[in-house]
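Read through the structure below, which is laid out as structure tokens, and then see the notes.
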Number of protein chains: 2
Amino acid sequence: MKVTALAGGTGSAKLLRGLKSLPIDLTVVANVGDNVWMYGAYVCPDVDVACYTLAGISDVERGWGVRGDTFYSLERLARLGLETWFKLGDMDLAVCLARTEMLRRGGSLTSATERIRRALGAPSPVLPATDHAVETRVETKKGDLHLQEFWVRDRGRPAVLRVRYRGAASSSPTEQVARAVSDADRVVVCPANPVTSVGPMLAVRGFASLLSSTRARVVALSPMSGRRPFSGPAGKLMKAAGRRPDSVGVAEMYAGFLDALLISKGDAGMKRDIERLGVECAVTDTLMSNPRDEARLARELLRA
Amino acid sequence: MKVTALAGGTGSAKLLRGLKSLPIDLTVVANVGDNVWMYGAYVCPDVDVACYTLAGISDVERGWGVRGDTFYSLERLARLGLETWFKLGDMDLAVCLARTEMLRRGGSLTSATERIRRALGAPSPVLPATDHAVETRVETKKGDLHLQEFWVRDRGRPAVLRVRYRGAASSSPTEQVARAVSDADRVVVCPANPVTSVGPMLAVRGFASLLSSTRARVVALSPMSGRRPFSGPAGKLMKAAGRRPDSVGVAEMYAGFLDALLISKGDAGMKRDIERLGVECAVTDTLMSNPRDEARLARELLRA
């Protein structure tokens, strides 16, 4: 079975581990909206977490970076007086520098990612949603911030006015992404922040219509439990986007292309509201706290 | 006594250590022609070797980099399939990344260098010869190469047709450099490659006339002993530049501004040819193999 998974960061990684354990033909499409330039290096957190996860070298406990990575470069940058709120390990940094060099030599983000995921030993392709620069900007009362400034540096504290996807209007999905969505038997939307992980992909011109026109069933695992996400700032940002910060809000945002949504047992009361949007809804235990949960949820999703 | 030293790489560092040990007011003007972009980071080898030397953290044995530096990042870049012929240690890399970030935020190379040398604990200012991009290109039978490609990657092997200083015609010395040269009591030209270390400075528009018009005595220590430099590709490149590859050739290149040249005992026979160029000439033991030699030569130069 050909499965294409749309993935963001931490929450997505857990489901990717589950999918990786199944006998399927997996392709990951990764969010690029949180890419950021740091010290001259092009950092692509969601692309990299997907590569690390598939390669089996991700730091599962921490939810980001490479297991056992060191932080010599970052310590030295701090000693030189630079802000080092974005915790880039040495391996992380090497990946970003390698990518920057490949881009400088004229490679696309897609081709650089392909070289890197192979070098790291990831067995499945990881495709950036687009090769164009799309950047998630969070307009706050403290000013217009890069998502990483809002979430990592300012710990998600500033009051949010609006979220924009800079560059999205003039972007397009890559051919590889278009093929991966069209040719799939299942498209899985990972339990990721709908505003900052999936939203930037949907904002890429033509991406949403790829999803609504694919012959594949499109299924999602809700990242919300009640009014709270399992991780990250989804609730706050969904509210800022004018959505209910729960699984119904998620279903509303995905209704244009989603066939089925898996929600948590505690949210069983939302089933009817979700089905009213034309989205099938199944209820299960959506918490992933070990590899068994991850594999079980991956299987349930593919059957949903 | 205010002393301004024009410095390149390895050979210069030895004399800088000597100058540093004297009770003088030292400013270093560093070559920028061998600056190079690597993996998105702006590498400034001669600027950095000056900072490391003054800070007392340079690797004297090796002639480049930081003593005791590690190479984790480079090993990882190699594992990711990148060329790593330019040996950047982790501390080196952090310095380059910090500089790149400062430049990206709108700082000049001069201001970035000032922040870095202070953070490293270098007690004297290090001034890039110019804030403009000046790049030493070596035209060879194998193609038009960056100096680092010619010297480090290709080990100086390709036959040299010509050396150019790309960008020099539209460059200018910084105000700080102009002041450092005009206000000095002595300007010292370190024993550096006249073509690739001092040449790029002299090619900066207005730099040579700063030297010829300063009230300071301008003195140099020859980097040549017979037809050989103490280190580096000076001989080959001087020949390509149409010069005698010896201390007479050095004197010819500097004749427009040089008051006195210190040459090695073995070259005493060249004294007359050098004086014929209008340059005073003194003969001494110019080999620097320990801190005592370095300090002695620094003293002799200031008296020359």
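Scheme for the structure tokens: letters A, B, ... for chains in order shown; per-chain residue numbers from 1; ligand numbers from 1 in order shown.
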Chain A residues within 9 Å of chain B, counting only C-alpha atoms: which ones, as a PDB file with all heavy atoms, in the first residue's frame?
```
ATOM      1  N   MET A  38      19.640  30.565  10.422  1.00  0.00           N
ATOM      2  CA  MET A  38      20.337  30.757  11.704  1.00  0.00           C
ATOM      3  C   MET A  38      21.838  30.736  11.430  1.00  0.00           C
ATOM      4  O   MET A  38      22.359  29.722  10.951  1.00  0.00           O
ATOM      5  CB  MET A  38      20.046  29.577  12.642  1.00  0.00           C
ATOM      6  CG  MET A  38      18.647  29.532  13.204  1.00  0.00           C
ATOM      7  SD  MET A  38      18.579  30.514  14.708  1.00  0.00           S
ATOM      8  CE  MET A  38      16.798  30.599  14.924  1.00  0.00           C
ATOM      9  N   TYR A  39      22.525  31.831  11.741  1.00  0.00           N
ATOM     10  CA  TYR A  39      23.986  31.889  11.563  1.00  0.00           C
ATOM     11  C   TYR A  39      24.398  31.486  10.147  1.00  0.00           C
ATOM     12  O   TYR A  39      25.422  30.816   9.956  1.00  0.00           O
ATOM     13  CB  TYR A  39      24.718  30.975  12.558  1.00  0.00           C
ATOM     14  CG  TYR A  39      24.027  30.759  13.866  1.00  0.00           C
ATOM     15  CD1 TYR A  39      23.583  29.498  14.248  1.00  0.00           C
ATOM     16  CD2 TYR A  39      23.804  31.829  14.726  1.00  0.00           C
ATOM     17  CE1 TYR A  39      22.940  29.296  15.453  1.00  0.00           C
ATOM     18  CE2 TYR A  39      23.152  31.633  15.936  1.00  0.00           C
ATOM     19  CZ  TYR A  39      22.728  30.372  16.285  1.00  0.00           C
ATOM     20  OH  TYR A  39      22.091  30.170  17.472  1.00  0.00           O
ATOM     21  N   GLY A  40      23.576  31.852   9.158  1.00  0.00           N
ATOM     22  CA  GLY A  40      23.932  31.514   7.775  1.00  0.00           C
ATOM     23  C   GLY A  40      23.481  30.139   7.338  1.00  0.00           C
ATOM     24  O   GLY A  40      23.590  29.793   6.164  1.00  0.00           O
ATOM     25  N   ALA A  41      23.001  29.333   8.267  1.00  0.00           N
ATOM     26  CA  ALA A  41      22.578  27.970   7.926  1.00  0.00           C
ATOM     27  C   ALA A  41      21.062  27.930   7.746  1.00  0.00           C
ATOM     28  O   ALA A  41      20.331  28.597   8.482  1.00  0.00           O
ATOM     29  CB  ALA A  41      22.995  27.006   9.026  1.00  0.00           C
ATOM     30  N   TYR A  42      20.586  27.163   6.786  1.00  0.00           N
ATOM     31  CA  TYR A  42      19.160  27.048   6.537  1.00  0.00           C
ATOM     32  C   TYR A  42      18.621  25.865   7.347  1.00  0.00           C
ATOM     33  O   TYR A  42      18.907  24.713   7.052  1.00  0.00           O
ATOM     34  CB  TYR A  42      18.899  26.850   5.044  1.00  0.00           C
ATOM     35  CG  TYR A  42      17.450  27.066   4.651  1.00  0.00           C
ATOM     36  CD1 TYR A  42      16.745  28.174   5.109  1.00  0.00           C
ATOM     37  CD2 TYR A  42      16.800  26.173   3.815  1.00  0.00           C
ATOM     38  CE1 TYR A  42      15.424  28.388   4.745  1.00  0.00           C
ATOM     39  CE2 TYR A  42      15.478  26.382   3.436  1.00  0.00           C
ATOM     40  CZ  TYR A  42      14.797  27.491   3.905  1.00  0.00           C
ATOM     41  OH  TYR A  42      13.486  27.697   3.548  1.00  0.00           O
ATOM     42  N   TYR A  72      28.548  21.480  21.100  1.00  0.00           N
ATOM     43  CA  TYR A  72      29.776  22.269  21.155  1.00  0.00           C
ATOM     44  C   TYR A  72      29.653  23.584  20.376  1.00  0.00           C
ATOM     45  O   TYR A  72      30.031  24.647  20.866  1.00  0.00           O
ATOM     46  CB  TYR A  72      30.956  21.472  20.588  1.00  0.00           C
ATOM     47  CG  TYR A  72      31.356  20.299  21.437  1.00  0.00           C
ATOM     48  CD1 TYR A  72      31.015  19.006  21.075  1.00  0.00           C
ATOM     49  CD2 TYR A  72      32.087  20.485  22.608  1.00  0.00           C
ATOM     50  CE1 TYR A  72      31.373  17.918  21.861  1.00  0.00           C
ATOM     51  CE2 TYR A  72      32.455  19.405  23.392  1.00  0.00           C
ATOM     52  CZ  TYR A  72      32.097  18.124  23.017  1.00  0.00           C
ATOM     53  OH  TYR A  72      32.451  17.062  23.782  1.00  0.00           O
ATOM     54  N   SER A  73      29.127  23.499  19.161  1.00  0.00           N
ATOM     55  CA  SER A  73      29.059  24.704  18.326  1.00  0.00           C
ATOM     56  C   SER A  73      28.183  25.753  18.987  1.00  0.00           C
ATOM     57  O   SER A  73      28.535  26.933  19.032  1.00  0.00           O
ATOM     58  CB  SER A  73      28.494  24.373  16.948  1.00  0.00           C
ATOM     59  OG  SER A  73      29.217  23.325  16.375  1.00  0.00           O
ATOM     60  N   LEU A  74      27.034  25.314  19.509  1.00  0.00           N
ATOM     61  CA  LEU A  74      26.095  26.248  20.129  1.00  0.00           C
ATOM     62  C   LEU A  74      26.731  26.920  21.350  1.00  0.00           C
ATOM     63  O   LEU A  74      26.591  28.128  21.545  1.00  0.00           O
ATOM     64  CB  LEU A  74      24.820  25.509  20.523  1.00  0.00           C
ATOM     65  CG  LEU A  74      23.581  26.391  20.519  1.00  0.00           C
ATOM     66  CD1 LEU A  74      23.159  26.679  19.078  1.00  0.00           C
ATOM     67  CD2 LEU A  74      22.438  25.742  21.259  1.00  0.00           C
ATOM     68  N   GLU A  75      27.439  26.137  22.148  1.00  0.00           N
ATOM     69  CA  GLU A  75      28.110  26.712  23.316  1.00  0.00           C
ATOM     70  C   GLU A  75      29.105  27.778  22.882  1.00  0.00           C
ATOM     71  O   GLU A  75      29.244  28.823  23.512  1.00  0.00           O
ATOM     72  CB  GLU A  75      28.864  25.624  24.094  1.00  0.00           C
ATOM     73  CG  GLU A  75      27.955  24.763  24.964  1.00  0.00           C
ATOM     74  CD  GLU A  75      28.632  23.454  25.373  1.00  0.00           C
ATOM     75  OE1 GLU A  75      29.888  23.391  25.383  1.00  0.00           O
ATOM     76  OE2 GLU A  75      27.892  22.489  25.648  1.00  0.00           O
ATOM     77  N   ARG A  76      29.798  27.497  21.788  1.00  0.00           N
ATOM     78  CA  ARG A  76      30.797  28.440  21.310  1.00  0.00           C
ATOM     79  C   ARG A  76      30.137  29.686  20.742  1.00  0.00           C
ATOM     80  O   ARG A  76      30.637  30.794  20.918  1.00  0.00           O
ATOM     81  CB  ARG A  76      31.692  27.750  20.280  1.00  0.00           C
ATOM     82  CG  ARG A  76      32.687  26.884  20.988  1.00  0.00           C
ATOM     83  CD  ARG A  76      33.271  25.799  20.139  1.00  0.00           C
ATOM     84  NE  ARG A  76      34.340  25.156  20.873  1.00  0.00           N
ATOM     85  CZ  ARG A  76      34.886  24.006  20.548  1.00  0.00           C
ATOM     86  NH1 ARG A  76      34.466  23.364  19.488  1.00  0.00           N
ATOM     87  NH2 ARG A  76      35.848  23.491  21.270  1.00  0.00           N
ATOM     88  N   LEU A  77      29.024  29.495  20.047  1.00  0.00           N
ATOM     89  CA  LEU A  77      28.305  30.656  19.522  1.00  0.00           C
ATOM     90  C   LEU A  77      27.829  31.531  20.679  1.00  0.00           C
ATOM     91  O   LEU A  77      27.890  32.761  20.607  1.00  0.00           O
ATOM     92  CB  LEU A  77      27.116  30.201  18.671  1.00  0.00           C
ATOM     93  CG  LEU A  77      27.518  29.643  17.301  1.00  0.00           C
ATOM     94  CD1 LEU A  77      26.358  28.890  16.656  1.00  0.00           C
ATOM     95  CD2 LEU A  77      27.971  30.774  16.377  1.00  0.00           C
ATOM     96  N   ARG A  79      29.267  31.780  23.573  1.00  0.00           N
ATOM     97  CA  ARG A  79      30.463  32.437  24.102  1.00  0.00           C
ATOM     98  C   ARG A  79      30.842  33.651  23.250  1.00  0.00           C
ATOM     99  O   ARG A  79      31.431  34.606  23.733  1.00  0.00           O
ATOM    100  CB  ARG A  79      31.627  31.435  24.106  1.00  0.00           C
ATOM    101  CG  ARG A  79      32.312  31.333  25.457  1.00  0.00           C
ATOM    102  CD  ARG A  79      33.636  30.605  25.325  1.00  0.00           C
ATOM    103  NE  ARG A  79      33.474  29.183  25.082  1.00  0.00           N
ATOM    104  CZ  ARG A  79      34.448  28.399  24.581  1.00  0.00           C
ATOM    105  NH1 ARG A  79      35.623  28.914  24.278  1.00  0.00           N
ATOM    106  NH2 ARG A  79      34.232  27.115  24.401  1.00  0.00           N
ATOM    107  N   LEU A  80      30.503  33.591  21.958  1.00  0.00           N
ATOM    108  CA  LEU A  80      30.796  34.718  21.058  1.00  0.00           C
ATOM    109  C   LEU A  80      29.702  35.774  21.112  1.00  0.00           C
ATOM    110  O   LEU A  80      29.709  36.725  20.327  1.00  0.00           O
ATOM    111  CB  LEU A  80      30.979  34.204  19.627  1.00  0.00           C
ATOM    112  CG  LEU A  80      32.243  33.364  19.421  1.00  0.00           C
ATOM    113  CD1 LEU A  80      32.181  32.610  18.101  1.00  0.00           C
ATOM    114  CD2 LEU A  80      33.491  34.236  19.463  1.00  0.00           C
ATOM    115  N   GLY A  81      28.752  35.590  22.031  1.00  0.00           N
ATOM    116  CA  GLY A  81      27.761  36.643  22.248  1.00  0.00           C
ATOM    117  C   GLY A  81      26.497  36.523  21.418  1.00  0.00           C
ATOM    118  O   GLY A  81      25.697  37.443  21.382  1.00  0.00           O
ATOM    119  N   LEU A  82      26.296  35.367  20.751  1.00  0.00           N
ATOM    120  CA  LEU A  82      25.093  35.236  19.937  1.00  0.00           C
ATOM    121  C   LEU A  82      23.932  34.642  20.725  1.00  0.00           C
ATOM    122  O   LEU A  82      24.131  33.906  21.689  1.00  0.00           O
ATOM    123  CB  LEU A  82      25.374  34.366  18.704  1.00  0.00           C
ATOM    124  CG  LEU A  82      25.847  35.225  17.524  1.00  0.00           C
ATOM    125  CD1 LEU A  82      27.290  35.603  17.715  1.00  0.00           C
ATOM    126  CD2 LEU A  82      25.638  34.495  16.228  1.00  0.00           C
ATOM    127  N   ASP A  90      25.131  19.640  17.287  1.00  0.00           N
ATOM    128  CA  ASP A  90      26.209  19.647  16.296  1.00  0.00           C
ATOM    129  C   ASP A  90      25.831  18.877  15.035  1.00  0.00           C
ATOM    130  O   ASP A  90      26.151  19.281  13.920  1.00  0.00           O
ATOM    131  CB  ASP A  90      27.492  19.059  16.904  1.00  0.00           C
ATOM    132  CG  ASP A  90      28.060  19.968  17.983  1.00  0.00           C
ATOM    133  OD1 ASP A  90      28.018  21.188  17.793  1.00  0.00           O
ATOM    134  OD2 ASP A  90      28.515  19.449  19.012  1.00  0.00           O
ATOM    135  N   MET A  91      25.137  17.735  15.220  1.00  0.00           N
ATOM    136  CA  MET A  91      24.723  16.951  14.055  1.00  0.00           C
ATOM    137  C   MET A  91      23.662  17.719  13.280  1.00  0.00           C
ATOM    138  O   MET A  91      23.710  17.808  12.053  1.00  0.00           O
ATOM    139  CB  MET A  91      24.175  15.604  14.515  1.00  0.00           C
ATOM    140  CG  MET A  91      23.803  14.668  13.382  1.00  0.00           C
ATOM    141  SD  MET A  91      25.263  14.134  12.462  1.00  0.00           S
ATOM    142  CE  MET A  91      24.551  13.873  10.838  1.00  0.00           C
ATOM    143  N   LEU A  93      23.303  20.898  13.196  1.00  0.00           N
ATOM    144  CA  LEU A  93      23.965  22.018  12.525  1.00  0.00           C
ATOM    145  C   LEU A  93      24.666  21.532  11.256  1.00  0.00           C
ATOM    146  O   LEU A  93      24.586  22.174  10.200  1.00  0.00           O
ATOM    147  CB  LEU A  93      24.969  22.677  13.476  1.00  0.00           C
ATOM    148  CG  LEU A  93      25.708  23.880  12.904  1.00  0.00           C
ATOM    149  CD1 LEU A  93      24.743  25.005  12.549  1.00  0.00           C
ATOM    150  CD2 LEU A  93      26.753  24.396  13.898  1.00  0.00           C
ATOM    151  N   ALA A  94      25.330  20.391  11.355  1.00  0.00           N
ATOM    152  CA  ALA A  94      26.029  19.853  10.183  1.00  0.00           C
ATOM    153  C   ALA A  94      25.026  19.587   9.059  1.00  0.00           C
ATOM    154  O   ALA A  94      25.298  19.872   7.890  1.00  0.00           O
ATOM    155  CB  ALA A  94      26.791  18.584  10.559  1.00  0.00           C
ATOM    156  N   VAL A  95      23.860  19.052   9.407  1.00  0.00           N
ATOM    157  CA  VAL A  95      22.828  18.795   8.400  1.00  0.00           C
ATOM    158  C   VAL A  95      22.408  20.116   7.742  1.00  0.00           C
ATOM    159  O   VAL A  95      22.294  20.210   6.518  1.00  0.00           O
ATOM    160  CB  VAL A  95      21.612  18.074   9.033  1.00  0.00           C
ATOM    161  CG1 VAL A  95      20.392  18.137   8.121  1.00  0.00           C
ATOM    162  CG2 VAL A  95      21.977  16.626   9.343  1.00  0.00           C
ATOM    163  N   CYS A  96      22.214  21.136   8.571  1.00  0.00           N
ATOM    164  CA  CYS A  96      21.775  22.438   8.035  1.00  0.00           C
ATOM    165  C   CYS A  96      22.858  23.065   7.158  1.00  0.00           C
ATOM    166  O   CYS A  96      22.568  23.655   6.121  1.00  0.00           O
ATOM    167  CB  CYS A  96      21.411  23.384   9.176  1.00  0.00           C
ATOM    168  SG  CYS A  96      20.012  22.796  10.149  1.00  0.00           S
ATOM    169  N   LEU A  97      24.110  22.940   7.570  1.00  0.00           N
ATOM    170  CA  LEU A  97      25.218  23.506   6.789  1.00  0.00           C
ATOM    171  C   LEU A  97      25.371  22.748   5.470  1.00  0.00           C
ATOM    172  O   LEU A  97      25.612  23.346   4.423  1.00  0.00           O
ATOM    173  CB  LEU A  97      26.519  23.453   7.590  1.00  0.00           C
ATOM    174  CG  LEU A  97      26.556  24.360   8.817  1.00  0.00           C
ATOM    175  CD1 LEU A  97      27.825  24.092   9.626  1.00  0.00           C
ATOM    176  CD2 LEU A  97      26.493  25.827   8.418  1.00  0.00           C
ATOM    177  N   ALA A  98      25.220  21.427   5.537  1.00  0.00           N
ATOM    178  CA  ALA A  98      25.318  20.620   4.316  1.00  0.00           C
ATOM    179  C   ALA A  98      24.218  21.053   3.346  1.00  0.00           C
ATOM    180  O   ALA A  98      24.469  21.267   2.152  1.00  0.00           O
ATOM    181  CB  ALA A  98      25.178  19.136   4.656  1.00  0.00           C
ATOM    182  N   ARG A  99      23.014  21.210   3.869  1.00  0.00           N
ATOM    183  CA  ARG A  99      21.890  21.630   3.021  1.00  0.00           C
ATOM    184  C   ARG A  99      22.167  23.002   2.408  1.00  0.00           C
ATOM    185  O   ARG A  99      21.943  23.214   1.212  1.00  0.00           O
ATOM    186  CB  ARG A  99      20.621  21.686   3.860  1.00  0.00           C
ATOM    187  CG  ARG A  99      19.448  22.336   3.151  1.00  0.00           C
ATOM    188  CD  ARG A  99      18.146  22.096   3.881  1.00  0.00           C
ATOM    189  NE  ARG A  99      18.314  22.280   5.303  1.00  0.00           N
ATOM    190  CZ  ARG A  99      17.974  21.389   6.224  1.00  0.00           C
ATOM    191  NH1 ARG A  99      17.408  20.268   5.881  1.00  0.00           N
ATOM    192  NH2 ARG A  99      18.180  21.638   7.492  1.00  0.00           N
ATOM    193  N   THR A 100      22.668  23.931   3.225  1.00  0.00           N
ATOM    194  CA  THR A 100      22.934  25.283   2.745  1.00  0.00           C
ATOM    195  C   THR A 100      23.933  25.250   1.596  1.00  0.00           C
ATOM    196  O   THR A 100      23.769  25.934   0.584  1.00  0.00           O
ATOM    197  CB  THR A 100      23.482  26.150   3.900  1.00  0.00           C
ATOM    198  OG1 THR A 100      22.568  26.060   4.998  1.00  0.00           O
ATOM    199  CG2 THR A 100      23.623  27.596   3.478  1.00  0.00           C
ATOM    200  N   GLU A 101      24.969  24.421   1.751  1.00  0.00           N
ATOM    201  CA  GLU A 101      25.977  24.294   0.702  1.00  0.00           C
ATOM    202  C   GLU A 101      25.362  23.712  -0.572  1.00  0.00           C
ATOM    203  O   GLU A 101      25.642  24.167  -1.679  1.00  0.00           O
ATOM    204  CB  GLU A 101      27.119  23.409   1.210  1.00  0.00           C
ATOM    205  CG  GLU A 101      28.247  23.188   0.225  1.00  0.00           C
ATOM    206  CD  GLU A 101      29.125  24.418   0.045  1.00  0.00           C
ATOM    207  OE1 GLU A 101      28.918  25.423   0.745  1.00  0.00           O
ATOM    208  OE2 GLU A 101      30.014  24.376  -0.831  1.00  0.00           O
ATOM    209  N   MET A 102      24.492  22.706  -0.415  1.00  0.00           N
ATOM    210  CA  MET A 102      23.851  22.100  -1.602  1.00  0.00           C
ATOM    211  C   MET A 102      22.959  23.120  -2.304  1.00  0.00           C
ATOM    212  O   MET A 102      22.916  23.181  -3.535  1.00  0.00           O
ATOM    213  CB  MET A 102      23.033  20.871  -1.180  1.00  0.00           C
ATOM    214  CG  MET A 102      23.884  19.710  -0.673  1.00  0.00           C
ATOM    215  SD  MET A 102      22.855  18.366   0.050  1.00  0.00           S
ATOM    216  CE  MET A 102      24.099  17.441   0.974  1.00  0.00           C
ATOM    217  N   ARG A 104      23.363  26.382  -2.195  1.00  0.00           N
ATOM    218  CA  ARG A 104      24.249  27.387  -2.772  1.00  0.00           C
ATOM    219  C   ARG A 104      24.799  26.918  -4.118  1.00  0.00           C
ATOM    220  O   ARG A 104      25.088  27.706  -5.005  1.00  0.00           O
ATOM    221  CB  ARG A 104      25.411  27.659  -1.809  1.00  0.00           C
ATOM    222  CG  ARG A 104      26.077  29.009  -1.963  1.00  0.00           C
ATOM    223  CD  ARG A 104      27.266  29.126  -1.015  1.00  0.00           C
ATOM    224  NE  ARG A 104      28.263  28.117  -1.272  1.00  0.00           N
ATOM    225  CZ  ARG A 104      29.205  28.191  -2.210  1.00  0.00           C
ATOM    226  NH1 ARG A 104      29.299  29.246  -2.967  1.00  0.00           N
ATOM    227  NH2 ARG A 104      30.071  27.212  -2.383  1.00  0.00           N
ATOM    228  N   ARG A 115      19.397  13.841  -0.750  1.00  0.00           N
ATOM    229  CA  ARG A 115      20.791  13.460  -0.455  1.00  0.00           C
ATOM    230  C   ARG A 115      20.998  13.254   1.036  1.00  0.00           C
ATOM    231  O   ARG A 115      21.670  12.308   1.457  1.00  0.00           O
ATOM    232  CB  ARG A 115      21.768  14.542  -0.944  1.00  0.00           C
ATOM    233  CG  ARG A 115      22.095  14.431  -2.415  1.00  0.00           C
ATOM    234  CD  ARG A 115      23.150  15.448  -2.824  1.00  0.00           C
ATOM    235  NE  ARG A 115      24.447  15.255  -2.184  1.00  0.00           N
ATOM    236  CZ  ARG A 115      25.473  16.088  -2.313  1.00  0.00           C
ATOM    237  NH1 ARG A 115      25.348  17.176  -3.073  1.00  0.00           N
ATOM    238  NH2 ARG A 115      26.615  15.843  -1.704  1.00  0.00           N
ATOM    239  N   ILE A 116      20.416  14.165   1.821  1.00  0.00           N
ATOM    240  CA  ILE A 116      20.632  14.107   3.262  1.00  0.00           C
ATOM    241  C   ILE A 116      19.937  12.892   3.873  1.00  0.00           C
ATOM    242  O   ILE A 116      20.523  12.171   4.679  1.00  0.00           O
ATOM    243  CB  ILE A 116      20.152  15.424   3.925  1.00  0.00           C
ATOM    244  CG1 ILE A 116      21.120  16.560   3.566  1.00  0.00           C
ATOM    245  CG2 ILE A 116      20.032  15.276   5.439  1.00  0.00           C
ATOM    246  CD1 ILE A 116      20.615  17.949   3.894  1.00  0.00           C
ATOM    247  N   ARG A 118      19.231  10.107   2.530  1.00  0.00           N
ATOM    248  CA  ARG A 118      19.973   8.890   2.174  1.00  0.00           C
ATOM    249  C   ARG A 118      21.249   8.773   3.005  1.00  0.00           C
ATOM    250  O   ARG A 118      21.577   7.688   3.495  1.00  0.00           O
ATOM    251  CB  ARG A 118      20.334   8.883   0.686  1.00  0.00           C
ATOM    252  CG  ARG A 118      19.160   8.493  -0.213  1.00  0.00           C
ATOM    253  CD  ARG A 118      19.550   8.554  -1.698  1.00  0.00           C
ATOM    254  NE  ARG A 118      18.409   8.283  -2.537  1.00  0.00           N
ATOM    255  CZ  ARG A 118      18.010   7.054  -2.886  1.00  0.00           C
ATOM    256  NH1 ARG A 118      18.695   6.000  -2.481  1.00  0.00           N
ATOM    257  NH2 ARG A 118      16.947   6.876  -3.640  1.00  0.00           N
ATOM    258  N   ALA A 119      21.964   9.897   3.138  1.00  0.00           N
ATOM    259  CA  ALA A 119      23.204   9.880   3.921  1.00  0.00           C
ATOM    260  C   ALA A 119      22.919   9.487   5.366  1.00  0.00           C
ATOM    261  O   ALA A 119      23.729   8.822   6.013  1.00  0.00           O
ATOM    262  CB  ALA A 119      23.892  11.245   3.863  1.00  0.00           C
ATOM    263  N   LEU A 120      21.754   9.889   5.885  1.00  0.00           N
ATOM    264  CA  LEU A 120      21.409   9.574   7.273  1.00  0.00           C
ATOM    265  C   LEU A 120      20.858   8.148   7.405  1.00  0.00           C
ATOM    266  O   LEU A 120      20.727   7.647   8.515  1.00  0.00           O
ATOM    267  CB  LEU A 120      20.375  10.572   7.797  1.00  0.00           C
ATOM    268  CG  LEU A 120      20.836  12.026   7.959  1.00  0.00           C
ATOM    269  CD1 LEU A 120      19.647  12.915   8.315  1.00  0.00           C
ATOM    270  CD2 LEU A 120      21.917  12.128   9.029  1.00  0.00           C
TER     271      LEU A 120
END
```
If you take only C-alpha atoms and a cut-off of 12 Å, which residues of range 217-295 of chain B touch range 56-69 of chain B, and what are their nearest atom pairs and distances in Å to one decimal, in chain and number order, as JSON lines?
```
{"residue": "B:Ser231", "atom": "CA", "partner": "B:Gly63", "partner_atom": "CA", "distance": 9.9}
{"residue": "B:Gly232", "atom": "CA", "partner": "B:Gly63", "partner_atom": "CA", "distance": 11.0}
{"residue": "B:Met288", "atom": "CA", "partner": "B:Val60", "partner_atom": "CA", "distance": 11.7}
{"residue": "B:Ser289", "atom": "CA", "partner": "B:Glu61", "partner_atom": "CA", "distance": 10.2}
{"residue": "B:Asn290", "atom": "CA", "partner": "B:Val60", "partner_atom": "CA", "distance": 9.9}
{"residue": "B:Pro291", "atom": "CA", "partner": "B:Val60", "partner_atom": "CA", "distance": 10.5}
```
Item to check | Contacts of Thr196 in chain A within 10 Å, only C-alpha atoms, excl. fewer than 2 positions in-chain, as number ranges by chain | outcome: A: 8-9, 31-34, 135-138, 147, 163-165, 192-194, 198-201, 232-234, 237-238
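CA of Ser247 in chain A to CA of Ser264 in chain A spans 8.8 Å [interatomic distance, one decimal].
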Next on the checklist: Using DSSP secondary structure from the backbone, list all strand (DSSP E) positions within range 7-190 of chain B, as an MDAnalysis selection string.
Outcome noted: chainID B and resid 7 25:30 36:38 41:43 126:128 135:140 143:146 160:166 186:189
Checklist entry - Could you pull out all residues of range 222-283 of chain B with a DSSP call of alpha helix (DSSP H) and give them as a PyMOL selection string? => result chain B and resi 234-240+247-254+271-276
Item to check | From A:Ser222, A:Gly249, A:Arg243, A:Lys236, residue lying nearest Phe150 in chain A [only C-alpha atoms] | outcome: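 Comparing A:Ser222, A:Gly249, A:Arg243, A:Lys236 against Phe150 in chain A, the winner is A:Lys236.
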Item to check | Distance query Val219 in chain A at most 7 Å, only C-alpha atoms, self and fewer than 5 positions along chain excluded, as JSON, numbers by chain | outcome: {"A": [187, 188, 189, 258, 259, 260, 261, 301, 304]}
Next on the checklist: Please list as a PyMOL selection string every residue within 8 Å of Lys2 in chain B, counting only C-alpha atoms and excluding residues in the same chain fewer than 6 positions away.
Outcome noted: chain B and resi 24-27+183-186
Next on the checklist: Report as a list of chain:residue names all protein, DNA and RNA residues lying within 8 Å of Ala240 in chain B, evaluated on only C-alpha atoms, omitting residues in the same chain fewer than 5 positions from it.
Outcome noted: B:Val160, B:Leu161, B:Arg162, B:Val163
Checklist entry - Excluding same-chain residues fewer than 5 positions from Asp273 in chain B, what lies within 12 Å of it counting only C-alpha atoms, as a list in words? => result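 Result of the neighbour search: Arg244, Asp246, Ser247, Val248, Gly249, Val250, Ala251, Glu252, Ala255, Leu261, Asp267, Ala268, Gly278, Val279, Glu280 and Cys281 of chain B.
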Next on the checklist: What's the separation between CA of Lys14 in chain A and CA of Pro223 in chain A, in Å to one decimal place?
Outcome noted: 11.5 Å
